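Take a look at the structure set out below.
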Amino acid sequence: MNTNSNSYKFKQYTMFAGVATVLFGLVVIVPFIYGLYLTFTSWDGVSKTKPFVGFSNYATAFSDVDYWHALGRTFIYAAIAVILVNIVAFVLAFLVTRGLKGQNFFRAGFFVPNLIGGIVLGYVWKFVFNRAFVALGTAIGSGTLSVSWLSTPTGAMICMIIVSVWQYAGYMMLIYVAGFMSVSEDVIEAAFIDGCTNLQSVIHVSIPLMASSFVQCLFLSITRCFMVYDVNLSLTNGEPFNSSVMAAMHVYNQAFTYKNFGPGQAEAFILFIVCAVIGIAQVYVGKKAEVGA
Amino acid sequence: MKKKIVALALAAAMAASMTACGGSSDGGSSAAPSGDGVSITIFNSKVEVQDAFEEMAEEYSEKTGVGVEVYYSSDTVAAHMATKYSSGDPYTLSMVDPKDIYSLAVEHGIDMSGEKWTENTDYEIEVDGKVLGFPMCVEARGLMYNGSAIEAITGKEFNPDDYSTLDAFKGLLDELKAGGMEAPCGIMKEDWSLGAHFFQEIYEEQPDVEAFITSLYEGKADLANNEKFNSIIDTFDVLKENNYAKSSPIAAEREVSEQKLAEGEIAFMFGGNWDWSMIKDFNYTDGLGMMPLPQNTTDGTDKKLVGGGSKYFFIDNSENTSDEQRQAAKDFLNWLIYDAEGNAFLTEKCAFVPAYDNIDASALDPLSISVKNYADQGAMVPNYNYDPDDHFSIVGASMQKYLADQIDRAGFAGEVEKYWASATPVEH
């Protein structure tokens with residue numbers, strides 16, 4: 001049998017990846033292209049006609065000041081949250097790979113927040129910020145705690161970041177745990193024999209060898225933070241005074257609440273481009289570091 | 001072994017937490033069509049009556065042989081309808097907000113002008129001579145009060161008519177404060193409450209609403225010097241001053257405020273008769289009711305609630321719905337209005353203030369009875385239903401800033417003027 005012929009390769013491909021390709025095309029590629037097409041129409045979502053309007057939706061999107069504010073806010077939020085998520089996740093992963101008694105229990109425990117859906121998580125933390133912290137603050141007479149953080153723009157942003165860190169740190173921790181486990185015992189032992197301290201062995205041996213974990217974690221946390229919607233909705237719902245509306249929420253509101261489907265769809269597409277560029281750039285840089293190590 | 005048990009327990013806990021988030025957003029109930037009968041679908045957009053609707057659908061199917069399926073969605077009405085229409089699967093009957101009748105039913109609804117019920121209501125929606133919207137209920141906004149909490153302090157019978165002016169109202173608040181109620185008012189900080197319900201009254205109580213809105217679109221309205229604006233914001237200032245959550249008004253939770261009102265910890269809060277669906281869950285006292293927003297004015301609006309028809313049904317006109325289904329939908333609407341059981345469903349199960357003069361409504365909740373009383377006396381300022389869709393969010397946000405003392409009154413007026421000048425007029 002000629003295993004090099006095109007028909008053979010095609011058969012092999014269809015057999016192993018055919019179903020996945022068709023499904024991917026149907027549920028990702030087709031809607032994506034259709035969505036792109038909709039950005040050039042002034043369709044309102046229900047009408048039978050879809051008038052073609054060229055680039056005017058993009059013009060509207062580019063002149064939508066609130067959208068750019070939301071996007072800027074998302075950048076700040078994502079930058080801080082991504083850094084904190086990864087630091088916390090890394091430290092947790094470090095701690096639960098040291099052979100502590102009951103470390104599997106801790107691993108599971110830190111991972112649990114990730115299993116609670118973002119919506120529920122938002123409501124739970126809303127209660128914590130609005131009632132528990134306030135009650136505590138009033139009891140101990142602390143000025144900063146006795147007023148709900150969710151009632152000021154900066155406070156709402158801090159709350160969003162705290163909840164995101166709490167939610168994602170456990171998940172990223174698992175990836176870092178896998179990274180720590182993948183570093184061979186021999187290398188670490190050799191480092192100790194060469195006179196490394198514990199800290200040095202982590203910084204100079206473990207971290208370079210687990211660069212791929214960092215790439216994955218950064219990619220996942222960046223994209224998730226940029227597309228944050230559920231926690232945003234249930235924790236702050238954009239309040240106070242629409243000052244905590246993130247990009248995804250603005251897109252949703254624009255399209256479905258304000259019924260500007262065209263501009264909303266165009267804004268969603270811009271958000272996609274932004275995320276894609278950041279994600280790809282980060283993976284590209286990360287992969288280089290991996291090769292270097 | 002021990003490890004296994006721990007693992008199992010953890011797995012169970014996780015599974016439980018997963019199901020907790022799995023509360024689906026779309027709930028549907030079906031009653032199988034019996035015999036050869038047709039079957040219709042109903043979209044219900046009021047979550048608090050979904051159970052009542054499902055129960056009714058079953059009974060109605062059993063009795064008439066017409067299959068009825070009731071659906072609810074937690075999406076916004078417009079978003080959900082958009083999904084259903086773009087997938088070519090519309091409901092036979094859809095319950096929507098008035099503005100959706102103008103945006104949806106003009107293209108997708110049938111003309112119901114020949115129906116008998118049009119003679120029994122003043123609230124139907126007519127566009128170009130066609131009756132497109134069947135009014136489901138009357139809802140009104142005003143100041144909710146807890147009469148027994150007030151009477152417990154003042155020691156005399158509370159008659160809301162005595163406090164229609166802001167001066168008299170302030171006097172009462174002082175009396176309440178002197179009597180031990182530290183902060184007698186609550187304010188809902190939700191943007192829809194502030195923007196679409198409270199601020200909205202400034203438009204609705206203008207002498208010429210359309211002209212005023214037009215001047216806002218044109219950027220010519222001088223809000224800061226507008227009599228109605230100042231009158232209503234004066235009242236808002238008084239509520240704000242006496243707000244129990246004055247130190248952080250934006251953190252006030254609706255549930256907490258409603259509970260305080262229901263139990264008489266506070267005496268006043270701006271709202272509407274739909275708030276009953278929350279109040280009824282608390283240990284509420286007697287003497288609850290609704291009164292007009294107190295104002296120092298001579299135009300009579302201090303004696304009227306603001307409201308009108310609120311939820312509307314329209315019947316789908318597309319080829320996805322058969323003529324038999326459309327007839328069944330019409331029969332169902334007639335059953336609601338002209339059958340004793342239909343009436344009981346509306347007023348008792350759903351607690352709707354009926355929009356029809358032939359329906360007996362003595363079994364309503366206290367807030368709805370207030371609304372009915374004002375409606376029967378004709379003391380009702382009509383709703384203005386044609387705000388741009390982002391109005392509640394943007395004006396609501398400005399009003400939240402005003403509530404939290406982030407901007408002053410002139411700044412507030414300026415933000416609202418700026419918003420209107422940049423908004424696209426809504427055709428109606």
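Please note that chains go A, B, ... in the order of the structure tokens, that every chain numbers its residues from 1, and that ligands are numbered from 1 in the order shown.
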*DSSP strand (DSSP E) residues within segment 132-292 of chain B, listed as a ChimeraX atom specification*: /B:132-135,138-146,185-186,268-272,288-291
Next, the residues of the selection above should be written as a PDB file, in the first residue's frame with N, CA and C atoms.
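Saved as result.pdb:
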```pdb
ATOM      1  N   LEU B 132     -52.282  45.687  18.135  1.00  0.00           N
ATOM      2  CA  LEU B 132     -51.216  44.676  18.098  1.00  0.00           C
ATOM      3  C   LEU B 132     -50.921  44.098  19.472  1.00  0.00           C
ATOM      4  N   GLY B 133     -51.174  44.880  20.524  1.00  0.00           N
ATOM      5  CA  GLY B 133     -50.792  44.431  21.862  1.00  0.00           C
ATOM      6  C   GLY B 133     -51.994  44.239  22.770  1.00  0.00           C
ATOM      7  N   PHE B 134     -52.069  43.050  23.386  1.00  0.00           N
ATOM      8  CA  PHE B 134     -53.116  42.720  24.353  1.00  0.00           C
ATOM      9  C   PHE B 134     -52.566  43.010  25.748  1.00  0.00           C
ATOM     10  N   PRO B 135     -53.132  43.990  26.451  1.00  0.00           N
ATOM     11  CA  PRO B 135     -52.567  44.334  27.770  1.00  0.00           C
ATOM     12  C   PRO B 135     -52.851  43.250  28.793  1.00  0.00           C
ATOM     13  N   VAL B 138     -52.054  46.121  34.618  1.00  0.00           N
ATOM     14  CA  VAL B 138     -51.724  47.525  34.842  1.00  0.00           C
ATOM     15  C   VAL B 138     -50.688  47.576  35.951  1.00  0.00           C
ATOM     16  N   GLU B 139     -49.650  48.365  35.734  1.00  0.00           N
ATOM     17  CA  GLU B 139     -48.656  48.539  36.787  1.00  0.00           C
ATOM     18  C   GLU B 139     -48.403  50.025  36.967  1.00  0.00           C
ATOM     19  N   ALA B 140     -48.088  50.415  38.175  1.00  0.00           N
ATOM     20  CA  ALA B 140     -47.853  51.834  38.407  1.00  0.00           C
ATOM     21  C   ALA B 140     -46.719  52.032  39.385  1.00  0.00           C
ATOM     22  N   ARG B 141     -46.106  53.204  39.276  1.00  0.00           N
ATOM     23  CA  ARG B 141     -44.988  53.567  40.147  1.00  0.00           C
ATOM     24  C   ARG B 141     -45.411  54.646  41.114  1.00  0.00           C
ATOM     25  N   GLY B 142     -44.815  54.647  42.261  1.00  0.00           N
ATOM     26  CA  GLY B 142     -45.111  55.673  43.250  1.00  0.00           C
ATOM     27  C   GLY B 142     -44.290  55.398  44.489  1.00  0.00           C
ATOM     28  N   LEU B 143     -44.671  56.054  45.566  1.00  0.00           N
ATOM     29  CA  LEU B 143     -43.945  55.874  46.807  1.00  0.00           C
ATOM     30  C   LEU B 143     -44.660  54.802  47.625  1.00  0.00           C
ATOM     31  N   MET B 144     -43.956  53.701  47.895  1.00  0.00           N
ATOM     32  CA  MET B 144     -44.558  52.659  48.727  1.00  0.00           C
ATOM     33  C   MET B 144     -44.430  53.102  50.183  1.00  0.00           C
ATOM     34  N   TYR B 145     -45.447  52.818  50.974  1.00  0.00           N
ATOM     35  CA  TYR B 145     -45.356  53.197  52.383  1.00  0.00           C
ATOM     36  C   TYR B 145     -45.760  52.033  53.277  1.00  0.00           C
ATOM     37  N   ASN B 146     -45.316  52.096  54.498  1.00  0.00           N
ATOM     38  CA  ASN B 146     -45.734  51.122  55.498  1.00  0.00           C
ATOM     39  C   ASN B 146     -46.575  51.867  56.525  1.00  0.00           C
ATOM     40  N   CYS B 185     -36.504  56.367  55.160  1.00  0.00           N
ATOM     41  CA  CYS B 185     -36.641  56.087  53.727  1.00  0.00           C
ATOM     42  C   CYS B 185     -35.604  55.079  53.241  1.00  0.00           C
ATOM     43  N   GLY B 186     -35.938  54.447  52.121  1.00  0.00           N
ATOM     44  CA  GLY B 186     -34.992  53.589  51.417  1.00  0.00           C
ATOM     45  C   GLY B 186     -34.967  54.005  49.962  1.00  0.00           C
ATOM     46  N   PHE B 268     -40.851  54.476  53.934  1.00  0.00           N
ATOM     47  CA  PHE B 268     -41.094  54.858  52.540  1.00  0.00           C
ATOM     48  C   PHE B 268     -40.009  54.352  51.614  1.00  0.00           C
ATOM     49  N   MET B 269     -40.427  53.937  50.421  1.00  0.00           N
ATOM     50  CA  MET B 269     -39.461  53.643  49.372  1.00  0.00           C
ATOM     51  C   MET B 269     -40.164  53.780  48.030  1.00  0.00           C
ATOM     52  N   PHE B 270     -39.453  54.372  47.068  1.00  0.00           N
ATOM     53  CA  PHE B 270     -40.025  54.501  45.740  1.00  0.00           C
ATOM     54  C   PHE B 270     -40.006  53.142  45.047  1.00  0.00           C
ATOM     55  N   GLY B 271     -41.112  52.791  44.417  1.00  0.00           N
ATOM     56  CA  GLY B 271     -41.160  51.502  43.728  1.00  0.00           C
ATOM     57  C   GLY B 271     -42.453  51.363  42.957  1.00  0.00           C
ATOM     58  N   GLY B 272     -42.870  50.129  42.758  1.00  0.00           N
ATOM     59  CA  GLY B 272     -44.098  49.884  42.020  1.00  0.00           C
ATOM     60  C   GLY B 272     -44.795  48.667  42.562  1.00  0.00           C
ATOM     61  N   LEU B 288     -49.623  48.326  54.242  1.00  0.00           N
ATOM     62  CA  LEU B 288     -48.757  48.707  53.126  1.00  0.00           C
ATOM     63  C   LEU B 288     -49.605  49.288  52.001  1.00  0.00           C
ATOM     64  N   GLY B 289     -48.990  50.154  51.236  1.00  0.00           N
ATOM     65  CA  GLY B 289     -49.724  50.747  50.131  1.00  0.00           C
ATOM     66  C   GLY B 289     -48.816  51.613  49.290  1.00  0.00           C
ATOM     67  N   MET B 290     -49.417  52.252  48.292  1.00  0.00           N
ATOM     68  CA  MET B 290     -48.634  53.143  47.439  1.00  0.00           C
ATOM     69  C   MET B 290     -49.309  54.492  47.326  1.00  0.00           C
ATOM     70  N   MET B 291     -48.479  55.545  47.294  1.00  0.00           N
ATOM     71  CA  MET B 291     -49.009  56.899  47.155  1.00  0.00           C
ATOM     72  C   MET B 291     -48.183  57.637  46.102  1.00  0.00           C
TER      73      MET B 291
END
```
Taking only C-alpha atoms into account, produce a table as JSON lines in which each residue of chain A with an atom at most 8 Å from an atom of chain B appears once, together with its shortest atom pair and the distance in Å to one decimal, ordered by chain and rising number.
```
{"residue": "A:Gly45", "atom": "CA", "partner": "B:Ala82", "partner_atom": "CA", "distance": 5.1}
{"residue": "A:Val46", "atom": "CA", "partner": "B:Ala82", "partner_atom": "CA", "distance": 4.7}
{"residue": "A:Ser47", "atom": "CA", "partner": "B:Glu107", "partner_atom": "CA", "distance": 7.6}
{"residue": "A:Ala108", "atom": "CA", "partner": "B:Leu10", "partner_atom": "CA", "distance": 7.9}
{"residue": "A:Val112", "atom": "CA", "partner": "B:Met14", "partner_atom": "CA", "distance": 7.1}
{"residue": "A:Leu115", "atom": "CA", "partner": "B:Met18", "partner_atom": "CA", "distance": 6.5}
{"residue": "A:Ile116", "atom": "CA", "partner": "B:Ser17", "partner_atom": "CA", "distance": 6.1}
{"residue": "A:Gly117", "atom": "CA", "partner": "B:Cys21", "partner_atom": "CA", "distance": 5.6}
{"residue": "A:Ile119", "atom": "CA", "partner": "B:Cys21", "partner_atom": "CA", "distance": 7.6}
{"residue": "A:Val120", "atom": "CA", "partner": "B:Cys21", "partner_atom": "CA", "distance": 6.3}
{"residue": "A:Asn130", "atom": "CA", "partner": "B:Ala251", "partner_atom": "CA", "distance": 6.7}
{"residue": "A:Val147", "atom": "CA", "partner": "B:Ser248", "partner_atom": "CA", "distance": 6.3}
{"residue": "A:Ser148", "atom": "CA", "partner": "B:Ala251", "partner_atom": "CA", "distance": 6.1}
{"residue": "A:Leu150", "atom": "CA", "partner": "B:Ala251", "partner_atom": "CA", "distance": 6.5}
{"residue": "A:Ser151", "atom": "CA", "partner": "B:Ile250", "partner_atom": "CA", "distance": 5.1}
{"residue": "A:Glu239", "atom": "CA", "partner": "B:Ala397", "partner_atom": "CA", "distance": 7.9}
{"residue": "A:Pro240", "atom": "CA", "partner": "B:Ile250", "partner_atom": "CA", "distance": 6.7}
{"residue": "A:Phe241", "atom": "CA", "partner": "B:Ala397", "partner_atom": "CA", "distance": 4.0}
{"residue": "A:Asn242", "atom": "CA", "partner": "B:Ala397", "partner_atom": "CA", "distance": 5.9}
{"residue": "A:Phe256", "atom": "CA", "partner": "B:Ala79", "partner_atom": "CA", "distance": 5.4}
{"residue": "A:Thr257", "atom": "CA", "partner": "B:Asp389", "partner_atom": "CA", "distance": 6.7}
{"residue": "A:Tyr258", "atom": "CA", "partner": "B:Asp389", "partner_atom": "CA", "distance": 4.6}
{"residue": "A:Lys259", "atom": "CA", "partner": "B:Asp389", "partner_atom": "CA", "distance": 6.8}
```
Written file, previous selection with N, CA and C atoms, as a PDB file, in the first residue's frame:
```pdb
ATOM      1  N   GLY A  45     -31.590  42.010  14.663  1.00  0.00           N
ATOM      2  CA  GLY A  45     -31.749  40.775  15.412  1.00  0.00           C
ATOM      3  C   GLY A  45     -33.061  40.071  15.156  1.00  0.00           C
ATOM      4  N   VAL A  46     -34.099  40.779  14.770  1.00  0.00           N
ATOM      5  CA  VAL A  46     -35.385  40.126  14.555  1.00  0.00           C
ATOM      6  C   VAL A  46     -35.941  40.343  13.153  1.00  0.00           C
ATOM      7  N   SER A  47     -35.503  41.399  12.492  1.00  0.00           N
ATOM      8  CA  SER A  47     -36.170  41.733  11.239  1.00  0.00           C
ATOM      9  C   SER A  47     -35.799  40.727  10.149  1.00  0.00           C
ATOM     10  N   ALA A 108      -6.959  19.670  46.064  1.00  0.00           N
ATOM     11  CA  ALA A 108      -8.390  19.635  45.739  1.00  0.00           C
ATOM     12  C   ALA A 108      -9.077  20.886  46.270  1.00  0.00           C
ATOM     13  N   VAL A 112     -11.252  23.779  44.117  1.00  0.00           N
ATOM     14  CA  VAL A 112     -12.716  23.842  44.189  1.00  0.00           C
ATOM     15  C   VAL A 112     -13.330  25.163  43.686  1.00  0.00           C
ATOM     16  N   LEU A 115     -14.493  25.196  40.300  1.00  0.00           N
ATOM     17  CA  LEU A 115     -15.634  24.368  39.915  1.00  0.00           C
ATOM     18  C   LEU A 115     -16.954  25.083  40.156  1.00  0.00           C
ATOM     19  N   ILE A 116     -16.916  26.104  41.003  1.00  0.00           N
ATOM     20  CA  ILE A 116     -18.135  26.880  41.229  1.00  0.00           C
ATOM     21  C   ILE A 116     -18.255  27.829  40.049  1.00  0.00           C
ATOM     22  N   GLY A 117     -19.383  27.862  39.420  1.00  0.00           N
ATOM     23  CA  GLY A 117     -19.552  28.725  38.251  1.00  0.00           C
ATOM     24  C   GLY A 117     -19.348  30.183  38.623  1.00  0.00           C
ATOM     25  N   ILE A 119     -21.024  32.791  37.957  1.00  0.00           N
ATOM     26  CA  ILE A 119     -22.217  33.509  38.388  1.00  0.00           C
ATOM     27  C   ILE A 119     -22.436  33.316  39.889  1.00  0.00           C
ATOM     28  N   VAL A 120     -22.402  32.059  40.310  1.00  0.00           N
ATOM     29  CA  VAL A 120     -22.614  31.757  41.730  1.00  0.00           C
ATOM     30  C   VAL A 120     -21.524  32.410  42.571  1.00  0.00           C
ATOM     31  N   ASN A 130     -20.467  42.936  50.608  1.00  0.00           N
ATOM     32  CA  ASN A 130     -21.513  43.861  51.042  1.00  0.00           C
ATOM     33  C   ASN A 130     -21.914  43.694  52.496  1.00  0.00           C
ATOM     34  N   VAL A 147     -17.532  50.517  54.959  1.00  0.00           N
ATOM     35  CA  VAL A 147     -18.294  50.893  53.770  1.00  0.00           C
ATOM     36  C   VAL A 147     -18.013  49.839  52.704  1.00  0.00           C
ATOM     37  N   SER A 148     -19.073  49.342  52.073  1.00  0.00           N
ATOM     38  CA  SER A 148     -18.872  48.277  51.083  1.00  0.00           C
ATOM     39  C   SER A 148     -17.945  48.730  49.959  1.00  0.00           C
ATOM     40  N   LEU A 150     -17.804  47.589  47.131  1.00  0.00           N
ATOM     41  CA  LEU A 150     -18.484  47.560  45.835  1.00  0.00           C
ATOM     42  C   LEU A 150     -19.146  48.892  45.497  1.00  0.00           C
ATOM     43  N   SER A 151     -19.163  49.837  46.448  1.00  0.00           N
ATOM     44  CA  SER A 151     -19.865  51.082  46.170  1.00  0.00           C
ATOM     45  C   SER A 151     -18.961  52.158  45.598  1.00  0.00           C
ATOM     46  N   GLU A 239     -21.907  48.194  38.086  1.00  0.00           N
ATOM     47  CA  GLU A 239     -22.064  49.296  39.025  1.00  0.00           C
ATOM     48  C   GLU A 239     -20.777  49.500  39.825  1.00  0.00           C
ATOM     49  N   PRO A 240     -20.539  50.606  40.475  1.00  0.00           N
ATOM     50  CA  PRO A 240     -21.385  51.790  40.468  1.00  0.00           C
ATOM     51  C   PRO A 240     -21.202  52.651  39.217  1.00  0.00           C
ATOM     52  N   PHE A 241     -22.218  53.293  38.840  1.00  0.00           N
ATOM     53  CA  PHE A 241     -22.311  54.199  37.682  1.00  0.00           C
ATOM     54  C   PHE A 241     -21.622  53.645  36.439  1.00  0.00           C
ATOM     55  N   ASN A 242     -21.871  52.424  36.102  1.00  0.00           N
ATOM     56  CA  ASN A 242     -21.281  51.802  34.913  1.00  0.00           C
ATOM     57  C   ASN A 242     -19.754  51.886  34.912  1.00  0.00           C
ATOM     58  N   PHE A 256     -27.396  43.437  22.911  1.00  0.00           N
ATOM     59  CA  PHE A 256     -28.674  42.868  23.320  1.00  0.00           C
ATOM     60  C   PHE A 256     -29.521  43.793  24.180  1.00  0.00           C
ATOM     61  N   THR A 257     -28.891  44.583  25.041  1.00  0.00           N
ATOM     62  CA  THR A 257     -29.688  45.451  25.893  1.00  0.00           C
ATOM     63  C   THR A 257     -30.045  46.739  25.162  1.00  0.00           C
ATOM     64  N   TYR A 258     -29.048  47.323  24.470  1.00  0.00           N
ATOM     65  CA  TYR A 258     -29.317  48.565  23.751  1.00  0.00           C
ATOM     66  C   TYR A 258     -29.778  48.282  22.328  1.00  0.00           C
ATOM     67  N   LYS A 259     -29.767  47.005  21.955  1.00  0.00           N
ATOM     68  CA  LYS A 259     -30.242  46.554  20.638  1.00  0.00           C
ATOM     69  C   LYS A 259     -29.496  47.170  19.469  1.00  0.00           C
TER      70      LYS A 259
END
```
Exercise. For Val128 of chain A, which residue among A:Val88, A:Leu235, A:Val205, A:Ile280 is the nearest when counting only C-alpha atoms?
Worked result: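 So, comparing all the options, the nearest one is A:Leu235.
Residues surrounding Ser212 of chain A within 9 Å are Gly179, Cys217, Gly286, Lys287, Ala289 and Glu290 of chain A [only C-alpha atoms; sequence separation below 5 positions excluded].
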List the spatial neighbours of Thr235 of chain B as a PyMOL selection string - criterion: any atom at most 9 Å away, only C-alpha atoms, same-chain residues fewer than 2 positions off excluded.
chain B and resi 166+230-233+237-240+293-296
Quiz prompt | segment 149-254 of chain A: residues DSSP assigns to alpha helix (DSSP H), reported as number ranges by chain | solution = A: 153-182, 185-193, 198-200, 207-209, 211-226, 230-231, 247-252
Atom CA of Val381 of chain B to atom CA of Thr301 of chain B measures 7.5 Å
As a check of understanding: the span from atom CA of Gly109 of chain B to atom CA of Tyr203 of chain B is 28.9 Å
Here atom CA of Gln206 of chain B and atom CA of Asn385 of chain B stand apart by 14.4 Å
Problem - Near-Pro207 of chain B list (12 Å; only C-alpha atoms; drop same-chain fewer than 3 positions) as an NGL selection string - result: :B and (201-204 or 210-213 or 226-228 or 299-301 or 381)
Write the residues of the preceding selection, restricted to N, CA and C atoms, as an mmCIF file, in the first residue's frame.
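Below is the file that was written, result_37.cif:
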```cif
data_model
loop_
_atom_site.group_PDB
_atom_site.id
_atom_site.type_symbol
_atom_site.label_atom_id
_atom_site.label_comp_id
_atom_site.auth_asym_id
_atom_site.auth_seq_id
_atom_site.Cartn_x
_atom_site.Cartn_y
_atom_site.Cartn_z
ATOM 1 N N GLU B 201 -40.291 59.820 35.549
ATOM 2 C CA GLU B 201 -41.455 60.637 35.907
ATOM 3 C C GLU B 201 -41.255 62.098 35.516
ATOM 4 N N ILE B 202 -39.987 62.505 35.412
ATOM 5 C CA ILE B 202 -39.723 63.884 35.004
ATOM 6 C C ILE B 202 -40.226 64.121 33.582
ATOM 7 N N TYR B 203 -40.076 63.124 32.721
ATOM 8 C CA TYR B 203 -40.613 63.267 31.362
ATOM 9 C C TYR B 203 -42.132 63.146 31.371
ATOM 10 N N GLU B 204 -42.596 62.138 32.103
ATOM 11 C CA GLU B 204 -44.011 61.778 32.015
ATOM 12 C C GLU B 204 -44.929 62.837 32.603
ATOM 13 N N GLU B 210 -44.261 64.820 24.524
ATOM 14 C CA GLU B 210 -43.585 64.648 23.236
ATOM 15 C C GLU B 210 -42.702 65.856 22.904
ATOM 16 N N ALA B 211 -43.254 67.056 23.161
ATOM 17 C CA ALA B 211 -42.491 68.264 22.839
ATOM 18 C C ALA B 211 -41.225 68.331 23.695
ATOM 19 N N PHE B 212 -41.372 67.915 24.956
ATOM 20 C CA PHE B 212 -40.219 67.966 25.848
ATOM 21 C C PHE B 212 -39.140 66.987 25.397
ATOM 22 N N ILE B 213 -39.567 65.768 25.030
ATOM 23 C CA ILE B 213 -38.595 64.762 24.571
ATOM 24 C C ILE B 213 -37.912 65.251 23.291
ATOM 25 N N ASN B 226 -35.663 73.399 34.519
ATOM 26 C CA ASN B 226 -36.995 72.857 34.266
ATOM 27 C C ASN B 226 -37.728 72.660 35.589
ATOM 28 N N GLU B 227 -38.974 73.114 35.607
ATOM 29 C CA GLU B 227 -39.734 73.094 36.844
ATOM 30 C C GLU B 227 -39.914 71.665 37.366
ATOM 31 N N LYS B 228 -40.288 70.742 36.453
ATOM 32 C CA LYS B 228 -40.565 69.368 36.859
ATOM 33 C C LYS B 228 -39.286 68.670 37.346
ATOM 34 N N ASP B 299 -49.689 71.304 39.644
ATOM 35 C CA ASP B 299 -50.232 70.721 38.409
ATOM 36 C C ASP B 299 -51.016 69.431 38.643
ATOM 37 N N GLY B 300 -51.179 69.017 39.888
ATOM 38 C CA GLY B 300 -52.016 67.856 40.182
ATOM 39 C C GLY B 300 -51.281 66.532 40.163
ATOM 40 N N THR B 301 -50.009 66.530 39.707
ATOM 41 C CA THR B 301 -49.289 65.259 39.619
ATOM 42 C C THR B 301 -48.928 64.715 40.999
ATOM 43 N N VAL B 381 -50.952 59.101 35.684
ATOM 44 C CA VAL B 381 -50.220 59.746 34.595
ATOM 45 C C VAL B 381 -49.733 58.628 33.670
#
```
| Which of B:Phe352, B:Lys303, B:Thr347, B:Ile101 sits closest to Pro160 of chain B [using only C-alpha atoms] |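 Once distances to Pro160 of chain B are computed over only C-alpha atoms, the minimum belongs to B:Lys303.
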Residue with the minimum atom-to-atom distance to Leu172 of chain B, picked from B:Glu69, B:Asn242, B:Asn383, B:Ala221 with only C-alpha atoms counted, is B:Asn242
Quick one: residues within 10 Å of Val177 of chain A, only C-alpha atoms, excluding same-chain residues fewer than 5 positions away - as a VMD selection string? chain A and resid 89 to 90 92 to 97 107 172 182 210 213
* To do: Find the residues around Ala344 of chain B up to 9 Å (only C-alpha atoms counted), leave out those fewer than 5 positions away in its own chain, and share them as a list in words.
  => Leu336, Asp339, Lys349, Cys350, Asp360, Ala361 and Ala363 of chain B
